[in-house]
$ cat target_12.txt   # compact mmCIF, C-alpha atoms and all ligand atoms
# COMPACT_ATOMS: atom_id res chain seq x y z
CA MET A 4 116.85 134.22 123.33
CA SER A 5 120.40 134.42 124.47
CA ILE A 6 122.13 135.85 127.47
CA PHE A 7 125.66 137.23 127.33
CA SER A 8 127.32 138.04 130.59
CA LYS A 9 129.28 141.21 131.18
CA LYS A 10 132.49 139.26 131.66
CA ASN A 11 132.28 138.23 127.98
CA HIS A 12 132.71 141.88 127.01
CA PRO A 13 135.65 143.05 129.12
CA LYS A 14 136.61 145.87 126.72
CA ARG A 15 133.33 147.72 126.31
CA GLU A 16 134.85 150.23 123.88
CA LYS A 17 135.94 147.45 121.48
CA ASP A 18 133.27 145.58 119.54
CA LEU A 19 133.61 141.82 119.84
CA ILE A 20 133.09 140.99 116.19
CA MET A 21 133.58 137.39 115.08
CA THR A 22 135.85 138.38 112.19
CA LYS A 23 138.70 138.09 114.67
CA ASP A 24 139.35 135.80 117.62
CA VAL A 25 136.73 136.23 120.29
CA PRO A 26 136.49 134.33 123.59
CA PHE A 27 135.02 130.84 123.25
CA SER A 28 132.04 131.81 125.44
CA VAL A 29 131.13 134.66 123.03
CA GLU A 30 131.25 132.39 119.99
CA GLU A 31 129.13 129.83 121.86
CA ALA A 32 126.55 132.50 122.81
CA TYR A 33 126.05 133.48 119.15
CA LYS A 34 125.94 129.80 118.17
CA SER A 35 123.10 129.25 120.61
CA LEU A 36 121.36 132.37 119.23
CA ARG A 37 121.72 130.84 115.73
CA THR A 38 120.25 127.52 116.90
CA ASN A 39 117.33 129.20 118.69
CA LEU A 40 116.65 131.31 115.61
CA ILE A 41 116.63 128.33 113.24
CA PHE A 42 114.24 126.45 115.53
CA SER A 43 111.90 129.40 115.92
CA LEU A 44 111.37 129.84 112.16
CA PRO A 45 108.96 128.02 109.90
CA GLU A 46 110.39 125.99 107.00
CA ASP A 47 110.63 128.95 104.60
CA LYS A 48 112.95 128.99 101.61
CA CYS A 49 114.64 132.20 102.73
CA LYS A 50 114.44 133.97 106.03
CA VAL A 51 114.54 137.74 106.38
CA ILE A 52 115.40 138.61 109.98
CA GLU A 53 115.20 142.15 111.41
CA ILE A 54 117.40 142.97 114.40
CA THR A 55 116.11 145.96 116.32
CA SER A 56 115.89 147.42 119.85
CA SER A 57 113.95 150.11 121.66
CA THR A 58 116.85 152.64 121.66
CA GLN A 59 120.34 153.11 120.18
CA ASN A 60 123.46 151.51 121.59
CA GLU A 61 121.85 148.31 122.81
CA GLY A 62 124.00 145.96 120.68
CA LYS A 63 121.87 145.60 117.51
CA SER A 64 124.71 145.94 115.02
CA VAL A 65 127.10 143.63 116.90
CA THR A 66 124.30 141.06 117.22
CA ALA A 67 123.41 141.38 113.52
CA VAL A 68 127.03 141.02 112.36
CA ASN A 69 127.85 138.10 114.65
CA LEU A 70 124.59 136.28 113.95
CA ALA A 71 125.24 136.63 110.19
CA ILE A 72 128.80 135.28 110.55
CA SER A 73 127.62 132.46 112.82
CA LEU A 74 124.99 131.42 110.25
CA ALA A 75 127.60 131.53 107.46
CA LYS A 76 129.92 129.32 109.53
CA ASN A 77 127.04 126.84 109.62
CA GLY A 78 127.03 126.68 105.80
CA GLU A 79 124.18 129.13 105.16
CA LYS A 80 124.37 131.71 102.38
CA VAL A 81 123.90 134.99 104.23
CA ILE A 82 123.60 138.67 103.35
CA LEU A 83 123.72 141.39 105.99
CA ILE A 84 122.10 144.71 105.10
CA ASP A 85 122.70 147.90 107.08
CA CYS A 86 119.25 149.48 107.34
CA ASP A 87 120.11 151.89 110.16
CA LEU A 88 120.26 154.83 107.77
CA ARG A 89 120.51 157.43 110.56
CA LEU A 90 123.38 155.78 112.44
CA SER A 91 124.97 153.15 110.23
CA THR A 92 127.93 151.27 111.73
CA VAL A 93 128.17 147.97 109.82
CA ALA A 94 130.77 149.28 107.32
CA ARG A 95 133.00 150.51 110.13
CA LYS A 96 132.59 147.33 112.17
CA LEU A 97 133.48 145.14 109.16
CA LYS A 98 136.10 147.54 107.77
CA ILE A 99 134.43 147.92 104.38
CA LYS A 100 133.38 150.94 102.31
CA GLN A 101 130.21 152.75 103.45
CA LYS A 102 129.23 153.75 99.89
CA PRO A 103 127.69 152.82 97.57
CA GLY A 104 125.09 150.91 99.56
CA LEU A 105 121.44 150.21 100.22
CA THR A 106 120.14 153.72 99.52
CA ASP A 107 122.03 153.91 96.22
CA LEU A 108 120.44 150.60 95.22
CA LEU A 109 116.98 151.78 96.31
CA PHE A 110 117.27 155.02 94.33
CA GLY A 111 118.46 153.15 91.25
CA LEU A 112 121.88 154.80 91.28
CA ASN A 113 123.76 151.49 91.55
CA SER A 114 123.04 147.85 90.77
CA ALA A 115 122.99 145.01 93.31
CA LEU A 116 126.38 143.89 91.99
CA ASP A 117 127.85 147.36 92.73
CA VAL A 118 126.70 147.45 96.34
CA ILE A 119 127.24 143.86 97.54
CA CYS A 120 130.58 143.35 99.26
CA HIS A 121 131.92 139.79 99.64
CA HIS A 122 133.42 139.87 103.11
CA PRO A 123 136.31 137.53 104.09
CA SER A 124 134.20 136.24 107.00
CA GLY A 125 132.04 134.42 104.44
CA ILE A 126 129.04 136.77 104.44
CA ASP A 127 127.87 139.21 101.81
CA VAL A 128 127.23 142.74 103.06
CA ILE A 129 125.34 145.79 101.80
CA PRO A 130 126.43 148.92 103.69
CA ALA A 131 123.94 151.77 104.25
CA GLY A 132 125.25 153.99 101.43
CA ASN A 133 124.51 157.69 101.05
CA ILE A 134 122.15 158.88 103.75
CA PRO A 135 118.80 160.10 102.39
CA PRO A 136 116.77 162.97 103.91
CA ASN A 137 113.80 160.63 104.53
CA PRO A 138 115.00 157.29 105.97
CA SER A 139 111.52 156.07 107.03
CA GLU A 140 110.01 156.56 103.56
CA THR A 141 113.10 154.99 101.97
CA LEU A 142 112.86 151.83 104.13
CA GLY A 143 109.09 151.64 103.77
CA SER A 144 109.15 152.01 99.98
CA SER A 145 107.97 149.38 97.53
CA ARG A 146 111.54 149.40 96.15
CA MET A 147 112.73 148.08 99.52
CA THR A 148 110.19 145.25 99.20
CA THR A 149 111.56 144.51 95.71
CA VAL A 150 115.15 144.50 97.00
CA LEU A 151 114.23 142.08 99.79
CA GLU A 152 112.39 139.81 97.33
CA PHE A 153 115.51 139.78 95.13
CA MET A 154 117.75 138.91 98.09
CA LYS A 155 115.36 136.14 99.16
CA GLU A 156 115.89 134.50 95.77
CA HIS A 157 119.66 134.42 96.23
CA TYR A 158 120.29 133.81 99.95
CA ASP A 159 119.29 131.44 102.76
CA PHE A 160 119.22 134.30 105.29
CA VAL A 161 118.87 138.07 104.91
CA ILE A 162 119.85 139.81 108.17
CA LEU A 163 118.72 143.42 108.55
CA ASP A 164 120.57 145.64 111.00
CA ALA A 165 117.55 147.87 111.61
CA PRO A 166 117.20 151.24 113.32
CA PRO A 167 115.79 151.31 116.87
CA VAL A 168 112.00 151.30 117.21
CA GLY A 169 112.22 154.51 119.32
CA ILE A 170 110.52 157.71 118.26
CA VAL A 171 110.85 157.39 114.47
CA THR A 172 109.00 154.75 112.47
CA ASP A 173 111.99 153.26 110.55
CA ALA A 174 112.04 149.89 112.35
CA ALA A 175 108.27 149.47 112.33
CA VAL A 176 108.03 150.06 108.55
CA LEU A 177 110.36 147.11 108.00
CA ALA A 178 108.37 144.85 110.35
CA PRO A 179 105.73 143.67 107.86
CA LYS A 180 108.40 142.99 105.20
CA VAL A 181 110.37 140.42 107.27
CA SER A 182 109.91 136.79 108.39
CA GLY A 183 110.80 137.55 111.99
CA ILE A 184 112.16 140.17 114.39
CA ILE A 185 114.76 139.83 117.15
CA LEU A 186 114.52 142.53 119.80
CA VAL A 187 117.84 143.34 121.47
CA VAL A 188 117.44 144.49 125.06
CA ARG A 189 120.48 145.90 126.82
CA GLN A 190 120.44 145.74 130.57
CA GLY A 191 121.16 149.10 132.15
CA ILE A 192 120.03 151.05 129.05
CA ALA A 193 116.61 149.69 128.02
CA ARG A 194 113.79 151.02 130.19
CA TYR A 195 110.74 148.96 130.95
CA GLU A 196 108.36 151.45 129.29
CA GLU A 197 110.53 151.77 126.18
CA VAL A 198 110.77 148.03 125.53
CA ASP A 199 107.06 147.68 126.22
CA ALA A 200 106.28 150.47 123.72
CA ALA A 201 108.63 148.91 121.15
CA ILE A 202 106.86 145.55 121.41
CA ASN A 203 103.49 147.26 120.97
CA LYS A 204 104.67 149.25 117.93
CA LEU A 205 106.12 146.16 116.23
CA LYS A 206 102.96 144.17 116.93
CA LEU A 207 100.79 147.00 115.57
CA ALA A 208 102.87 146.91 112.39
CA HIS A 209 102.12 143.16 112.14
CA GLY A 210 105.69 142.24 113.04
CA ASN A 211 106.49 138.68 114.07
CA ILE A 212 108.69 139.03 117.18
CA LEU A 213 110.69 135.80 117.46
CA GLY A 214 112.46 136.55 120.72
CA PHE A 215 114.91 138.70 122.65
CA VAL A 216 118.65 138.96 122.98
CA LEU A 217 119.65 140.29 126.37
CA THR A 218 123.01 142.09 126.08
CA ASP A 219 125.43 143.30 128.73
CA ALA A 220 123.58 141.13 131.21
CA HIS A 221 124.45 141.52 134.87
CA ILE A 222 122.66 140.08 137.83
CA ASP A 223 122.95 143.12 140.12
CA ALA A 224 121.00 145.38 137.73
CA LYS A 225 120.97 148.43 140.00
CA ASN A 226 119.38 150.70 137.39
CA TYR A 227 116.10 148.85 137.61
CA THR A 228 113.32 149.04 140.12
CA ALA A 229 112.22 145.86 141.87
CA ARG A 230 109.08 145.90 139.69
CA GLU A 231 111.10 146.04 136.48
CA LYS A 232 113.36 143.19 137.55
CA LYS A 233 110.51 141.02 138.72
CA THR A 234 107.81 141.66 136.17
CA PHE A 235 109.78 142.64 133.10
CA PHE A 236 113.07 140.87 132.60
CA SER A 237 111.68 137.61 133.91
CA SER A 238 108.60 137.79 131.70
CA LEU A 239 109.79 139.18 128.35
CA LYS A 240 108.80 135.97 126.64
CA ASP A 241 105.17 136.32 127.75
CA ARG A 242 104.93 139.64 125.87
CA ILE A 243 105.14 138.08 122.40
N1 LIG A 301 126.31 141.42 124.10
C1 LIG A 301 126.91 142.56 124.44
N2 LIG A 301 127.31 142.78 125.72
C2 LIG A 301 127.95 143.93 126.05
N3 LIG A 301 128.23 144.94 125.20
C3 LIG A 301 127.85 144.78 123.92
C4 LIG A 301 127.17 143.60 123.47
N4 LIG A 301 126.90 143.74 122.14
C5 LIG A 301 127.39 144.95 121.79
N5 LIG A 301 127.97 145.57 122.83
C6 LIG A 301 128.61 146.90 122.84
O1 LIG A 301 127.59 147.90 122.90
C7 LIG A 301 127.95 149.05 122.12
C8 LIG A 301 126.84 149.35 121.12
O2 LIG A 301 126.78 148.25 120.21
P1 LIG A 301 126.10 148.39 118.77
O3 LIG A 301 125.95 147.02 118.26
O4 LIG A 301 126.86 149.37 117.94
O5 LIG A 301 124.68 149.01 119.22
P2 LIG A 301 123.45 149.52 118.36
O6 LIG A 301 123.61 148.98 116.97
O7 LIG A 301 122.23 148.97 119.06
O8 LIG A 301 123.45 151.02 118.43
C9 LIG A 301 129.29 148.72 121.48
O9 LIG A 301 130.31 149.31 122.25
C10 LIG A 301 129.37 147.20 121.57
O10 LIG A 301 130.68 146.71 121.61
MG MG A 302 123.79 150.00 115.16
$ encode --input "target_12.txt" --output "structure tokens" --more "lines below"
Ligand SMILES: Nc1ncnc2c1ncn2[C@@H]1O[C@H](COP(=O)(O)OP(=O)(O)O)[C@@H](O)[C@H]1O
Ligand SMILES: [Mg+2]
Amino acid sequence: MSIFSKKNHPKREKDLIMTKDVPFSVEEAYKSLRTNLIFSLPEDKCKVIEITSSTQNEGKSVTAVNLAISLAKNGEKVILIDCDLRLSTVARKLKIKQKPGLTDLLFGLNSALDVICHHPSGIDVIPAGNIPPNPSETLGSSRMTTVLEFMKEHYDFVILDAPPVGIVTDAAVLAPKVSGIILVVRQGIARYEEVDAAINKLKLAHGNILGFVLTDAHIDAKNYTAREKKTFFSSLKDRI
């Protein structure tokens, strides 16, 4: 869906979040992701987009935040919801309070008005909130469906920063509740088998995979076998 080169992320330890000045090439990359996303969606009233990956640390949260901001800059009314209840980072990345948040709303402890933060970047944000003992059940609950239905009434786009598909079922339980899924694949971290398994899991859960965002892309991908380079990264699109 979009390819960002390593030179766009010179300081790996610092997130390149579009709340501050980022290099022109980075802003352009997220703009082209926004355009590709808009073109890949049917003419729905509201679009609920899940951002996930096969493992942690592939760039899901940065992609979710920057895509949300990029959509808002285009005049869309956007809400970003941190659904990675095991490793939530949206609040930290956007420098807002972590609580109350999504879980507090789901458990009826707070109202939508209490948990929605109006961020200066132009997006609304719901942080993860207090971490429950059973994240998969919480995300898969009928209350989560109700919350998403409510958000659909009030926003043009609902962006979900989801957990990785990995071993637990958190990301897959969200799959049937959303309009489309973007799978973030980080070169050097994502293994062929893991991404393949993630695609299968999301498809089994009736998820609509819209496309891929390749992060930390570098041409001399030494961590991959010739087979992976040839058959996998060049043919991701054929898998959906
Ligand atoms: N497109 C990208 N290219 C290179 N590094 C990136 C990119 N997007 C995010 N990162 C970096 O990768 C790390 C993990 O990003 P994060 O979004 O928190 O991952 P995840 O949510 O998948 O765990 C962070 O240090 C972040 O700055
Ligand atoms: Mg994250």
$ axis_aligned_box --input "target_12.txt" --around "stretch 169-181 of chain A" --padding-each-side "4 Å" --output "AutoDock Vina command-line options"
--center_x 109.0 --center_y 149.1 --center_z 112.3 --size_x 14.5 --size_y 25.3 --size_z 22.1
$ residues_around --input "target_12.txt" --residues "stretch 73-80 of chain A" --least-positions-apart "2" --cutoff "9 Å" --atoms "only C-alpha atoms" --output "count of residues only"
20
$ closest_atom_pairs --input "target_12.txt" --of "chain A" --to "ligand MG 302 (chain A)" --cutoff "12 Å" --atoms "only C-alpha atoms and all ligand atoms" --output "tab-separated table"
residue	atom	partner	partner_atom	distance
A:Asp18	CA	A:MG302	MG	11.3
A:Ile54	CA	A:MG302	MG	9.5
A:Thr55	CA	A:MG302	MG	8.8
A:Ser56	CA	A:MG302	MG	9.5
A:Ser57	CA	A:MG302	MG	11.8
A:Thr58	CA	A:MG302	MG	9.9
A:Gln59	CA	A:MG302	MG	6.8
A:Asn60	CA	A:MG302	MG	6.6
A:Glu61	CA	A:MG302	MG	8.1
A:Gly62	CA	A:MG302	MG	6.8
A:Lys63	CA	A:MG302	MG	5.3
A:Ser64	CA	A:MG302	MG	4.2
A:Val65	CA	A:MG302	MG	7.4
A:Thr66	CA	A:MG302	MG	9.2
A:Ala67	CA	A:MG302	MG	8.8
A:Val68	CA	A:MG302	MG	9.9
A:Ile84	CA	A:MG302	MG	11.5
A:Asp85	CA	A:MG302	MG	8.4
A:Cys86	CA	A:MG302	MG	9.1
A:Asp87	CA	A:MG302	MG	6.5
A:Leu88	CA	A:MG302	MG	9.5
A:Arg89	CA	A:MG302	MG	9.3
A:Leu90	CA	A:MG302	MG	6.4
A:Ser91	CA	A:MG302	MG	6.0
A:Thr92	CA	A:MG302	MG	5.5
A:Val93	CA	A:MG302	MG	7.2
A:Ala94	CA	A:MG302	MG	10.5
A:Arg95	CA	A:MG302	MG	10.5
A:Lys96	CA	A:MG302	MG	9.7
A:Pro130	CA	A:MG302	MG	11.8
A:Ala131	CA	A:MG302	MG	11.1
A:Leu163	CA	A:MG302	MG	10.6
A:Asp164	CA	A:MG302	MG	6.8
A:Ala165	CA	A:MG302	MG	7.5
A:Pro166	CA	A:MG302	MG	7.0
A:Pro167	CA	A:MG302	MG	8.3
A:Val187	CA	A:MG302	MG	10.9
$ closest_residue --input "target_12.txt" --among "A:Ile243, A:Val168, A:Ile185, A:Val51" --to "A:Val150" --atoms "all atoms listed in the file"
A:Val51
$ atom_distance --input "target_12.txt" --atom1 "atom CA of A:Thr38" --atom2 "atom CA of A:Ala201"
24.7 Å
$ residues_around --input "target_12.txt" --residues "A:Leu116" --least-positions-apart "2" --cutoff "12 Å" --atoms "only C-alpha atoms" --output "list in words"
Pro103, Gly104, Leu105, Asp107, Leu108, Leu112, Asn113, Ser114, Val118, Ile119, Cys120, His121, Asp127, Val128, Ile129 and Met154 of chain A
